[in-house]
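Shown next: start_8.txt, given as compact mmCIF, C-alpha atoms.
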```txt
# COMPACT_ATOMS: atom_id res chain seq x y z
CA MET Y 1 3.96 12.33 -32.29
CA VAL Y 2 0.87 12.81 -30.17
CA LYS Y 3 0.24 16.51 -29.65
CA CYS Y 4 -0.93 18.31 -26.54
CA SER Y 5 -4.69 18.92 -26.48
CA LEU Y 6 -4.02 22.61 -25.83
CA CYS Y 7 -1.04 23.39 -28.07
CA GLN Y 8 1.23 21.96 -30.76
CA ASP Y 9 3.87 20.61 -28.40
CA LYS Y 10 4.45 16.96 -27.70
CA ALA Y 11 2.01 15.40 -25.20
CA ILE Y 12 3.74 13.72 -22.28
CA VAL Y 13 0.84 12.97 -19.94
CA LYS Y 14 -2.57 11.45 -20.56
CA ILE Y 15 -5.46 12.51 -18.29
CA PRO Y 16 -8.08 9.82 -19.07
CA TYR Y 17 -10.92 11.19 -16.93
CA ALA Y 18 -10.64 14.59 -18.62
CA GLY Y 19 -9.98 13.26 -22.13
CA LEU Y 20 -6.77 15.31 -22.29
CA ARG Y 21 -3.21 14.74 -23.42
CA LEU Y 22 -0.91 17.46 -22.13
CA CYS Y 23 2.60 18.74 -22.71
CA LYS Y 24 4.87 19.49 -19.74
CA GLU Y 25 3.87 23.12 -19.53
CA HIS Y 26 0.12 22.56 -19.77
CA PHE Y 27 0.22 19.62 -17.39
CA THR Y 28 2.04 21.75 -14.82
CA LYS Y 29 -0.48 24.53 -15.21
CA TYR Y 30 -3.38 22.02 -15.10
CA ILE Y 31 -2.26 20.61 -11.74
CA GLU Y 32 -1.58 24.04 -10.24
CA ASP Y 33 -5.03 25.19 -11.36
CA ARG Y 34 -6.60 22.13 -9.76
CA VAL Y 35 -4.86 22.84 -6.45
CA ARG Y 36 -5.93 26.50 -6.64
CA LYS Y 37 -9.53 25.39 -7.26
CA THR Y 38 -9.36 22.91 -4.39
CA ILE Y 39 -8.19 25.66 -2.04
CA LYS Y 40 -11.02 27.93 -3.18
CA ARG Y 41 -13.75 25.29 -3.41
CA TYR Y 42 -13.17 24.11 0.16
CA ASN Y 43 -12.00 27.45 1.64
CA LEU Y 44 -8.73 25.97 2.76
CA ILE Y 45 -6.61 29.13 2.86
CA SER Y 46 -7.58 32.78 3.24
CA SER Y 47 -5.58 35.91 2.57
CA GLY Y 48 -3.18 36.75 5.41
CA MET Y 49 -3.01 33.21 6.79
CA ARG Y 50 0.13 31.63 8.15
CA VAL Y 51 0.40 28.15 6.62
CA LEU Y 52 2.67 25.47 8.05
CA VAL Y 53 3.52 22.78 5.50
CA ALA Y 54 4.49 19.33 6.77
CA VAL Y 55 7.18 18.04 4.38
CA SER Y 56 8.51 14.50 4.61
CA GLY Y 57 10.64 14.79 1.48
CA GLY Y 58 8.43 12.39 -0.49
CA LYS Y 59 6.82 13.25 -3.81
CA ASP Y 60 3.47 14.47 -2.43
CA SER Y 61 4.66 16.86 0.25
CA SER Y 62 7.44 18.15 -2.01
CA THR Y 63 4.99 18.75 -4.87
CA MET Y 64 2.60 20.43 -2.44
CA LEU Y 65 5.32 22.75 -1.11
CA VAL Y 66 6.33 23.84 -4.60
CA ILE Y 67 2.74 24.51 -5.69
CA LEU Y 68 1.79 26.33 -2.46
CA ASN Y 69 4.89 28.46 -2.84
CA LYS Y 70 3.73 29.48 -6.32
CA LEU Y 71 0.22 30.24 -5.04
CA SER Y 72 1.31 32.07 -1.89
CA LYS Y 73 1.92 35.37 -3.64
CA GLU Y 74 -1.31 35.25 -5.62
CA LEU Y 75 -3.49 34.13 -2.68
CA LYS Y 76 -1.50 36.23 -0.18
CA PHE Y 77 -0.51 33.76 2.51
CA THR Y 78 2.77 33.08 4.32
CA LEU Y 79 4.50 29.72 4.24
CA TYR Y 80 6.61 27.86 6.76
CA ALA Y 81 7.84 24.32 6.23
CA MET Y 82 8.48 21.69 8.85
CA HIS Y 83 10.26 18.36 8.67
CA ILE Y 84 10.47 15.65 11.28
CA ASP Y 85 13.72 13.71 11.34
CA LEU Y 86 12.45 10.32 12.47
CA GLY Y 87 15.88 8.88 13.25
CA ILE Y 88 15.54 5.97 10.80
CA GLY Y 89 19.17 5.67 9.73
CA ASN Y 90 20.25 6.78 6.25
CA TYR Y 91 16.65 7.10 5.11
CA SER Y 92 16.10 9.97 7.55
CA VAL Y 93 19.46 11.55 6.75
CA TYR Y 94 18.63 11.62 3.04
CA SER Y 95 15.02 12.77 3.63
CA ARG Y 96 16.18 15.67 5.77
CA ARG Y 97 18.84 16.74 3.30
CA THR Y 98 16.28 16.63 0.47
CA VAL Y 99 13.83 18.82 2.37
CA GLU Y 100 16.56 21.27 3.39
CA LYS Y 101 17.64 21.72 -0.23
CA LEU Y 102 14.08 22.13 -1.43
CA SER Y 103 13.04 24.74 1.13
CA GLN Y 104 16.30 26.61 0.64
CA SER Y 105 15.74 26.72 -3.12
CA LEU Y 106 12.24 28.11 -2.50
CA ASN Y 107 13.41 30.47 0.25
CA ILE Y 108 10.87 29.07 2.73
CA PRO Y 109 11.80 29.02 6.44
CA LEU Y 110 12.23 25.43 7.58
CA ILE Y 111 11.64 24.02 11.04
CA ILE Y 112 13.34 20.68 11.70
CA LEU Y 113 12.41 18.53 14.66
CA GLU Y 114 14.60 15.55 15.53
CA VAL Y 115 12.80 12.73 17.31
CA LYS Y 116 16.14 11.51 18.72
CA LYS Y 117 16.83 14.89 20.32
CA ILE Y 118 13.33 15.16 21.75
CA LEU Y 119 12.79 11.60 22.97
CA GLY Y 120 16.33 10.23 23.03
CA TYR Y 121 15.55 7.53 20.46
CA GLY Y 122 14.58 7.20 16.83
CA ILE Y 123 11.39 5.52 15.64
CA PRO Y 124 12.84 1.96 15.38
CA GLU Y 125 14.03 2.03 19.01
CA ILE Y 126 10.81 3.65 20.24
CA ALA Y 127 8.73 0.99 18.46
CA SER Y 128 10.86 -1.74 20.00
CA LYS Y 129 10.65 -0.29 23.53
CA ALA Y 130 6.92 0.34 23.25
CA LYS Y 131 6.36 -3.12 21.72
CA ARG Y 132 4.22 -1.55 19.00
CA PRO Y 133 4.42 -1.48 15.20
CA ALA Y 134 6.72 1.27 13.91
CA CYS Y 135 3.97 2.92 11.81
CA SER Y 136 1.73 3.15 14.86
CA VAL Y 137 4.27 4.99 17.06
CA CYS Y 138 5.41 7.06 14.09
CA GLY Y 139 1.86 8.27 13.52
CA VAL Y 140 1.36 9.27 17.16
CA ILE Y 141 4.67 11.16 17.28
CA LYS Y 142 4.29 12.92 13.93
CA ARG Y 143 0.72 14.06 14.62
CA TYR Y 144 1.74 15.42 18.01
CA LEU Y 145 4.85 17.22 16.80
CA ILE Y 146 3.05 18.74 13.82
CA ASN Y 147 0.18 20.01 15.97
CA ALA Y 148 2.48 21.29 18.73
CA THR Y 149 4.67 23.12 16.23
CA ALA Y 150 1.66 24.67 14.50
CA LEU Y 151 0.30 25.94 17.82
CA GLU Y 152 3.63 27.37 18.97
CA LEU Y 153 4.18 28.99 15.57
CA GLY Y 154 0.73 30.54 15.59
CA ALA Y 155 -0.09 28.85 12.30
CA ASP Y 156 -3.66 29.16 11.06
CA VAL Y 157 -3.55 25.83 9.23
CA VAL Y 158 -1.23 22.88 8.66
CA ALA Y 159 -1.02 21.65 5.07
CA MET Y 160 -0.71 17.87 4.76
CA GLY Y 161 0.35 16.09 1.57
CA HIS Y 162 -2.47 13.49 1.45
CA ASN Y 163 -3.55 12.96 -2.14
CA LEU Y 164 -6.79 11.65 -3.63
CA ASP Y 165 -5.60 8.04 -3.60
CA ASP Y 166 -4.61 8.30 0.07
CA ILE Y 167 -8.07 9.63 0.99
CA ILE Y 168 -9.86 6.82 -0.83
CA THR Y 169 -7.64 4.21 0.81
CA TYR Y 170 -8.13 5.55 4.32
CA ALA Y 171 -11.87 6.05 3.76
CA PHE Y 172 -12.33 2.49 2.55
CA LYS Y 173 -10.37 1.10 5.51
CA GLU Y 174 -12.35 3.16 8.05
CA PHE Y 175 -15.62 2.23 6.35
CA MET Y 176 -14.70 -1.47 6.55
CA ASN Y 177 -14.02 -0.93 10.28
CA GLN Y 178 -17.26 1.10 10.56
CA ASN Y 179 -15.23 3.79 12.26
CA LEU Y 180 -17.50 6.66 11.21
CA ASN Y 181 -15.87 9.31 13.42
CA ALA Y 182 -12.56 8.60 11.68
CA LEU Y 183 -14.28 8.97 8.29
CA ALA Y 184 -15.40 12.43 9.35
CA LYS Y 185 -11.73 13.48 9.62
CA LEU Y 186 -10.95 12.61 6.02
CA GLY Y 187 -12.36 15.72 4.40
CA PRO Y 188 -10.38 18.48 2.71
CA SER Y 189 -9.92 20.10 6.12
CA THR Y 190 -10.39 19.47 9.82
CA LYS Y 191 -11.63 22.01 12.36
CA SER Y 192 -9.29 23.86 14.62
CA ILE Y 193 -9.90 23.77 18.37
CA LYS Y 194 -8.65 26.82 20.20
CA ASP Y 195 -5.35 26.20 22.00
CA LEU Y 196 -5.67 22.45 21.43
CA ALA Y 197 -5.41 21.70 17.73
CA VAL Y 198 -4.70 23.60 14.52
CA SER Y 199 -6.84 22.92 11.47
CA ARG Y 200 -5.30 20.54 8.95
CA ILE Y 201 -5.87 21.09 5.24
CA ARG Y 202 -5.26 18.85 2.24
CA PRO Y 203 -4.47 20.94 -0.84
CA LEU Y 204 -3.81 17.76 -2.89
CA TYR Y 205 -7.26 16.40 -2.02
CA GLU Y 206 -8.31 16.20 -5.68
CA ILE Y 207 -4.89 15.32 -7.12
CA TYR Y 208 -4.29 11.73 -8.14
CA GLU Y 209 -1.12 10.18 -6.73
CA ARG Y 210 0.08 9.54 -10.28
CA GLU Y 211 -0.38 13.26 -11.08
CA SER Y 212 1.60 14.24 -7.98
CA LEU Y 213 4.48 11.99 -9.06
CA LEU Y 214 4.39 13.26 -12.65
CA TYR Y 215 4.37 16.88 -11.47
CA ALA Y 216 7.48 16.26 -9.36
CA LEU Y 217 9.29 14.47 -12.20
CA ILE Y 218 8.35 16.96 -14.90
CA ASN Y 219 9.33 19.94 -12.75
CA ASN Y 220 12.62 18.36 -11.65
CA ILE Y 221 11.69 18.42 -7.98
CA THR Y 222 14.15 16.31 -6.02
CA PHE Y 223 12.23 14.01 -3.72
CA VAL Y 224 12.86 10.82 -1.77
CA LYS Y 225 12.06 7.86 -4.02
CA ASP Y 226 12.98 5.25 -1.42
CA GLU Y 227 10.28 3.64 0.63
CA CYS Y 228 10.53 4.02 4.39
CA PRO Y 229 12.46 0.92 5.55
CA MET Y 230 9.83 0.38 8.25
CA ALA Y 231 6.93 0.29 5.74
CA ARG Y 232 5.32 -3.02 4.80
CA GLU Y 233 5.05 -4.00 1.14
CA ASP Y 234 1.98 -6.14 1.80
CA SER Y 235 0.08 -3.62 3.92
CA LEU Y 236 -3.69 -3.38 3.63
CA ASP Y 237 -3.30 0.22 2.42
CA ARG Y 238 -1.16 -0.94 -0.50
CA ILE Y 239 -3.59 -3.71 -1.45
CA ILE Y 240 -6.57 -1.32 -1.41
CA LYS Y 241 -4.70 1.29 -3.46
CA VAL Y 242 -3.76 -1.17 -6.18
CA LYS Y 243 -7.37 -2.36 -6.44
CA TYR Y 244 -8.58 1.20 -6.83
CA PHE Y 245 -6.02 1.82 -9.58
CA GLU Y 246 -7.55 -1.12 -11.45
CA ILE Y 247 -11.07 0.24 -10.93
CA GLU Y 248 -10.04 3.69 -12.20
CA GLU Y 249 -8.55 2.14 -15.35
CA ARG Y 250 -11.93 0.61 -16.13
CA TYR Y 251 -13.96 3.66 -15.02
CA PRO Y 252 -11.87 6.83 -15.47
CA GLY Y 253 -12.87 9.59 -13.09
CA ILE Y 254 -14.60 7.39 -10.54
CA LYS Y 255 -12.03 8.19 -7.84
CA LEU Y 256 -12.32 11.94 -8.36
CA ALA Y 257 -16.12 11.73 -8.28
CA PHE Y 258 -15.88 9.78 -5.02
CA VAL Y 259 -13.70 12.29 -3.15
CA ARG Y 260 -15.88 15.20 -4.25
CA ARG Y 261 -19.09 13.51 -3.14
CA PHE Y 262 -17.40 12.31 0.03
CA ALA Y 263 -16.33 15.86 0.86
CA LYS Y 264 -19.94 17.04 0.34
CA ASN Y 265 -21.32 14.29 2.59
CA ILE Y 266 -18.68 14.44 5.32
CA GLN Y 267 -21.13 16.09 7.77
CA TYR Y 268 -23.22 12.89 7.79
CA TYR Y 269 -20.31 10.87 9.17
CA GLN Y 270 -19.79 13.16 12.10
CA GLY Y 271 -22.40 11.52 14.30
CA THR Y 272 -21.95 12.28 17.96
CA GLU Y 273 -19.23 14.85 18.43
CA PRO Y 274 -16.48 13.06 20.41
CA GLU Y 275 -15.57 14.68 23.68
CA PHE Y 276 -12.39 16.70 23.33
CA LYS Y 277 -10.23 16.84 26.37
CA LYS Y 278 -7.10 18.69 27.28
CA CYS Y 279 -4.21 16.43 28.18
CA LYS Y 280 -3.54 16.84 31.92
CA THR Y 281 0.21 16.84 31.41
CA CYS Y 282 0.86 18.82 28.22
CA GLY Y 283 -2.41 20.70 27.64
CA LEU Y 284 -2.93 19.59 24.05
CA LEU Y 285 -5.83 17.75 22.43
CA SER Y 286 -6.59 14.35 23.83
CA SER Y 287 -9.34 11.74 23.75
CA TRP Y 288 -8.40 10.66 27.26
CA ASP Y 289 -7.05 12.35 30.40
CA ILE Y 290 -3.50 11.84 29.13
CA CYS Y 291 -2.81 12.14 25.39
CA SER Y 292 -1.35 9.34 23.26
CA TYR Y 293 2.02 11.09 22.96
CA CYS Y 294 2.45 11.56 26.70
CA ARG Y 295 1.35 7.97 27.35
CA LEU Y 296 3.81 6.67 24.74
CA SER Y 297 6.68 8.72 26.14
CA PHE Y 298 5.86 7.50 29.65
CA LYS Y 299 6.00 3.92 28.43
CA ILE Y 300 9.47 4.30 26.90
CA LEU Y 301 11.06 6.87 29.21
CA GLY Y 302 9.07 6.69 32.44
CA LYS Y 303 8.19 10.37 31.96
CA TYR Y 304 5.38 12.33 30.30
CA MET Y 305 7.25 14.30 27.62
CA GLY Y 306 4.53 16.51 26.15
CA HIS Y 307 5.31 19.54 28.28
CA ASP Y 308 9.08 19.29 27.68
CA THR Y 309 8.47 18.77 23.97
CA ARG Y 310 6.39 21.92 23.75
CA ASN Y 311 9.12 23.88 25.55
CA TYR Y 312 11.73 22.48 23.18
CA ILE Y 313 9.68 23.52 20.16
CA ARG Y 314 9.07 26.97 21.64
CA GLU Y 315 12.83 27.54 22.07
CA LEU Y 316 13.58 26.19 18.61
CA LEU Y 317 11.04 28.50 17.01
CA LYS Y 318 12.46 31.54 18.80
CA ASN Y 319 15.73 31.05 16.94
CA ILE Y 320 14.12 30.38 13.57
CA LEU Y 321 11.73 33.30 13.73
CA ILE Y 322 14.51 35.68 14.78
CA ARG Y 323 16.54 34.57 11.76
CA THR Y 324 13.65 35.04 9.39
CA MET S 1 16.53 -6.05 -28.50
CA LYS S 2 17.53 -5.81 -24.86
CA VAL S 3 16.10 -3.26 -22.41
CA LYS S 4 17.16 -2.94 -18.78
CA LEU S 5 14.48 -1.85 -16.33
CA ILE S 6 15.29 -0.50 -12.89
CA ILE S 7 12.32 -0.81 -10.55
CA ILE S 8 12.01 2.04 -8.04
CA PRO S 9 11.79 2.00 -5.06
CA ASP S 10 12.56 -1.74 -5.02
CA LYS S 11 16.04 -1.10 -6.46
CA SER S 12 15.72 -4.37 -8.34
CA SER S 13 16.29 -4.64 -12.08
CA LYS S 14 14.94 -6.74 -14.91
CA VAL S 15 16.21 -7.26 -18.40
CA LEU S 16 13.59 -7.65 -21.10
CA LEU S 17 14.46 -9.33 -24.38
CA PHE S 18 12.44 -8.71 -27.52
CA GLU S 19 13.17 -10.91 -30.52
CA LYS S 20 13.36 -9.34 -33.99
CA LYS S 21 12.73 -5.81 -32.67
CA GLU S 22 14.93 -2.74 -33.08
CA LYS S 23 12.67 -0.39 -31.20
CA LEU S 24 9.45 -0.46 -29.24
CA ARG S 25 7.02 2.12 -27.94
CA ALA S 26 7.09 2.95 -24.22
CA LEU S 27 3.49 1.78 -23.96
CA ASP S 28 4.53 -1.74 -25.05
CA ILE S 29 7.27 -1.84 -22.40
CA LEU S 30 4.78 -0.55 -19.84
CA LYS S 31 2.26 -3.29 -20.65
CA THR S 32 4.96 -5.96 -20.44
CA ILE S 33 6.42 -4.81 -17.11
CA SER S 34 3.01 -4.23 -15.53
CA LYS S 35 2.13 -7.87 -16.30
CA GLU S 36 5.47 -9.04 -14.88
CA LEU S 37 5.01 -7.04 -11.69
CA GLY S 38 1.31 -7.87 -11.40
CA LEU S 39 0.39 -4.20 -11.15
CA PRO S 40 -2.01 -1.99 -13.13
CA SER S 41 -0.11 -0.06 -15.81
CA SER S 42 -1.50 3.25 -14.50
CA SER S 43 0.39 2.61 -11.25
CA LEU S 44 3.74 2.77 -13.07
CA VAL S 45 5.62 5.67 -14.67
CA LEU S 46 8.54 5.13 -17.05
CA THR S 47 11.48 7.50 -17.21
CA ARG S 48 14.74 7.48 -19.16
CA ARG S 49 17.61 9.44 -17.59
CA GLY S 50 15.05 11.17 -15.39
CA GLU S 51 12.80 12.24 -18.29
CA VAL S 52 9.18 11.04 -18.24
CA LEU S 53 8.40 8.87 -21.26
CA ALA S 54 5.20 9.39 -23.21
CA ASP S 55 3.31 6.31 -24.44
CA ASP S 56 4.49 6.86 -28.02
CA ASP S 57 8.16 7.50 -27.22
CA PHE S 58 10.50 4.93 -28.72
CA ILE S 59 12.75 2.72 -26.64
CA TYR S 60 15.85 1.25 -28.28
CA ASP S 61 18.19 -1.65 -27.79
CA GLY S 62 20.42 -1.04 -24.75
CA ASP S 63 18.18 1.60 -23.15
CA VAL S 64 18.02 1.73 -19.35
CA ILE S 65 14.52 2.64 -18.18
CA GLU S 66 13.44 3.51 -14.65
CA VAL S 67 10.07 2.10 -13.65
CA LEU S 68 8.58 4.13 -10.78
CA LYS S 69 5.77 2.70 -8.70
CA VAL S 70 3.30 5.54 -8.23
CA PHE S 71 2.00 4.48 -4.81
CA SER S 72 5.33 4.14 -3.05
CA GLY S 73 6.72 6.70 -0.70
CA GLY S 74 4.89 9.73 0.64
```
This entry written out as structure tokens:
Amino acid sequence: MVKCSLCQDKAIVKIPYAGLRLCKEHFTKYIEDRVRKTIKRYNLISSGMRVLVAVSGGKDSSTMLVILNKLSKELKFTLYAMHIDLGIGNYSVYSRRTVEKLSQSLNIPLIILEVKKILGYGIPEIASKAKRPACSVCGVIKRYLINATALELGADVVAMGHNLDDIITYAFKEFMNQNLNALAKLGPSTKSIKDLAVSRIRPLYEIYERESLLYALINNITFVKDECPMAREDSLDRIIKVKYFEIEERYPGIKLAFVRRFAKNIQYYQGTEPEFKKCKTCGLLSSWDICSYCRLSFKILGKYMGHDTRNYIRELLKNILIRT
Amino acid sequence: MKVKLIIIPDKSSKVLLFEKKEKLRALDILKTISKELGLPSSSLVLTRRGEVLADDDFIYDGDVIEVLKVFSGG
């Protein structure tokens, strides 16, 4: 029996870049410590902050919610969770149920937004009407709803479940496209812009995707194991990720070293600060006169829906905040 | 020795046959399935009845093992 590097118990997990083999208890503590250090190293959360956690029901966001819940008392911040029901058949039904059970077990107030209630259609129908790939419309809608909810809630930051492997994948893609402004948004946090956008933080920034999965399994966190039915198996993201897994096997720790150096150098990718505008219809952050969400909703419904969406969220939050 | 592997999230399954073996280590199963799937072994996690398997855990004839792809899902 291989023993834990820190005690006499059986080792379950190997951490090659740290030369450690850890039992369940020490692995759990190791990951929680790493998240705590990430929060402190990059000043992600301060005492008294209101943190909105975006939870899809997958392993990363579920792991993140559990760990942030544990840290919330120690670091003195308040947690709210939000889930977006994307209207993708049984997948969305199961995802929502999973998130509801998790936040209930942790006693964290949960905000649920249903895309079908807001826009009249789920993601598959919206993608079809807009004649765009599902992931593209999904991204626009999720980003908008998360930001709008955070602003209406008065959240100081939104915690996203992107892990170390996600960051490397996105960074490599954006570097290949020479999209340096996009690279600048891949740090441990993004800036907030008053009344337009709430800062996004990535507490799992230095956590390997494998570690996130193992944490969820070892701590019996119920999460959605199914892949989104709209996701592509042969996507560029997937291909890049697999390659980087191979590289890490040959050179343990290279991915962690990359994200840390990348975070240090992020200022050099900023270049010319893009002009931030206020959407003329809904008042939220936009790169153009009308934001992507409003333009998308106009395309499918013949109406700019940003303003109505914000009102809907405002009303929804009134009920949730009264109850909590 | 016969071991059934359930690949998640694919929901497909494979049966591996090992001649003249009564038991194998999880690491051996991992190496075999990673070659079959064409994926690095570090991108897969093996569980048995929901419990994570360590490299040196034994797998026996008739065991049903879940093979989770690390990079799937969110």
Write out, as a Markdown table, each residue of stretch 19-70 of chain Y that has an atom at most 12 Å from stretch 165-187 of chain Y, together with the closest pair of atoms and their distance in Å to one decimal, counting only C-alpha atoms, rows going by chain and rising number.
```
| residue | atom | partner | partner_atom | distance |
| --- | --- | --- | --- | --- |
| Y:Thr38 | CA | Y:Gly187 | CA | 11.7 |
| Y:Tyr42 | CA | Y:Gly187 | CA | 9.4 |
| Y:Leu44 | CA | Y:Gly187 | CA | 11.0 |
| Y:Asp60 | CA | Y:Asp166 | CA | 10.5 |
```
- Task: Could you list, as a list in words, the residues of chain S having an atom within 8 Å of chain Y when counting only C-alpha atoms?
- Result: Ile8, Pro9, Asp10, Leu39, Pro40, Ser42, Ser43, Val45, Gly50, Glu51, Val52, Leu53, Ala54, Asp55, Asp56, Val70, Phe71, Ser72, Gly73 and Gly74 of chain S
Would you put the residues from that selection into a file with C-alpha atoms, as an mmCIF file, in the coordinates of the input?
```
data_model
loop_
_atom_site.group_PDB
_atom_site.id
_atom_site.type_symbol
_atom_site.label_atom_id
_atom_site.label_comp_id
_atom_site.auth_asym_id
_atom_site.auth_seq_id
_atom_site.Cartn_x
_atom_site.Cartn_y
_atom_site.Cartn_z
ATOM 1 C CA ILE S 8 12.010 2.040 -8.040
ATOM 2 C CA PRO S 9 11.790 2.000 -5.060
ATOM 3 C CA ASP S 10 12.560 -1.740 -5.020
ATOM 4 C CA LEU S 39 0.390 -4.200 -11.150
ATOM 5 C CA PRO S 40 -2.010 -1.990 -13.130
ATOM 6 C CA SER S 42 -1.500 3.250 -14.500
ATOM 7 C CA SER S 43 0.390 2.610 -11.250
ATOM 8 C CA VAL S 45 5.620 5.670 -14.670
ATOM 9 C CA GLY S 50 15.050 11.170 -15.390
ATOM 10 C CA GLU S 51 12.800 12.240 -18.290
ATOM 11 C CA VAL S 52 9.180 11.040 -18.240
ATOM 12 C CA LEU S 53 8.400 8.870 -21.260
ATOM 13 C CA ALA S 54 5.200 9.390 -23.210
ATOM 14 C CA ASP S 55 3.310 6.310 -24.440
ATOM 15 C CA ASP S 56 4.490 6.860 -28.020
ATOM 16 C CA VAL S 70 3.300 5.540 -8.230
ATOM 17 C CA PHE S 71 2.000 4.480 -4.810
ATOM 18 C CA SER S 72 5.330 4.140 -3.050
ATOM 19 C CA GLY S 73 6.720 6.700 -0.700
ATOM 20 C CA GLY S 74 4.890 9.730 0.640
#
```
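Going from atom CA of S:Glu36 to atom CA of Y:Met230 covers 25.4 Å.
Across the model, the gap from atom CA of Y:Leu301 to atom CA of Y:Leu119 is 8.0 Å.
Atom pair atom CA of Y:Val35 / atom CA of Y:Thr63: separated by 10.8 Å.
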- Message: I want to know what sits within 10 Å of Y:Lys278, based on only C-alpha atoms, with residues of the same chain fewer than 5 positions away left out; could you give that as a list in words?
- Response: Asp195, Leu196, Gly283, Leu284, Leu285, Ser286, Ser287, Trp288, Asp289, Ile290 and Cys291 of chain Y
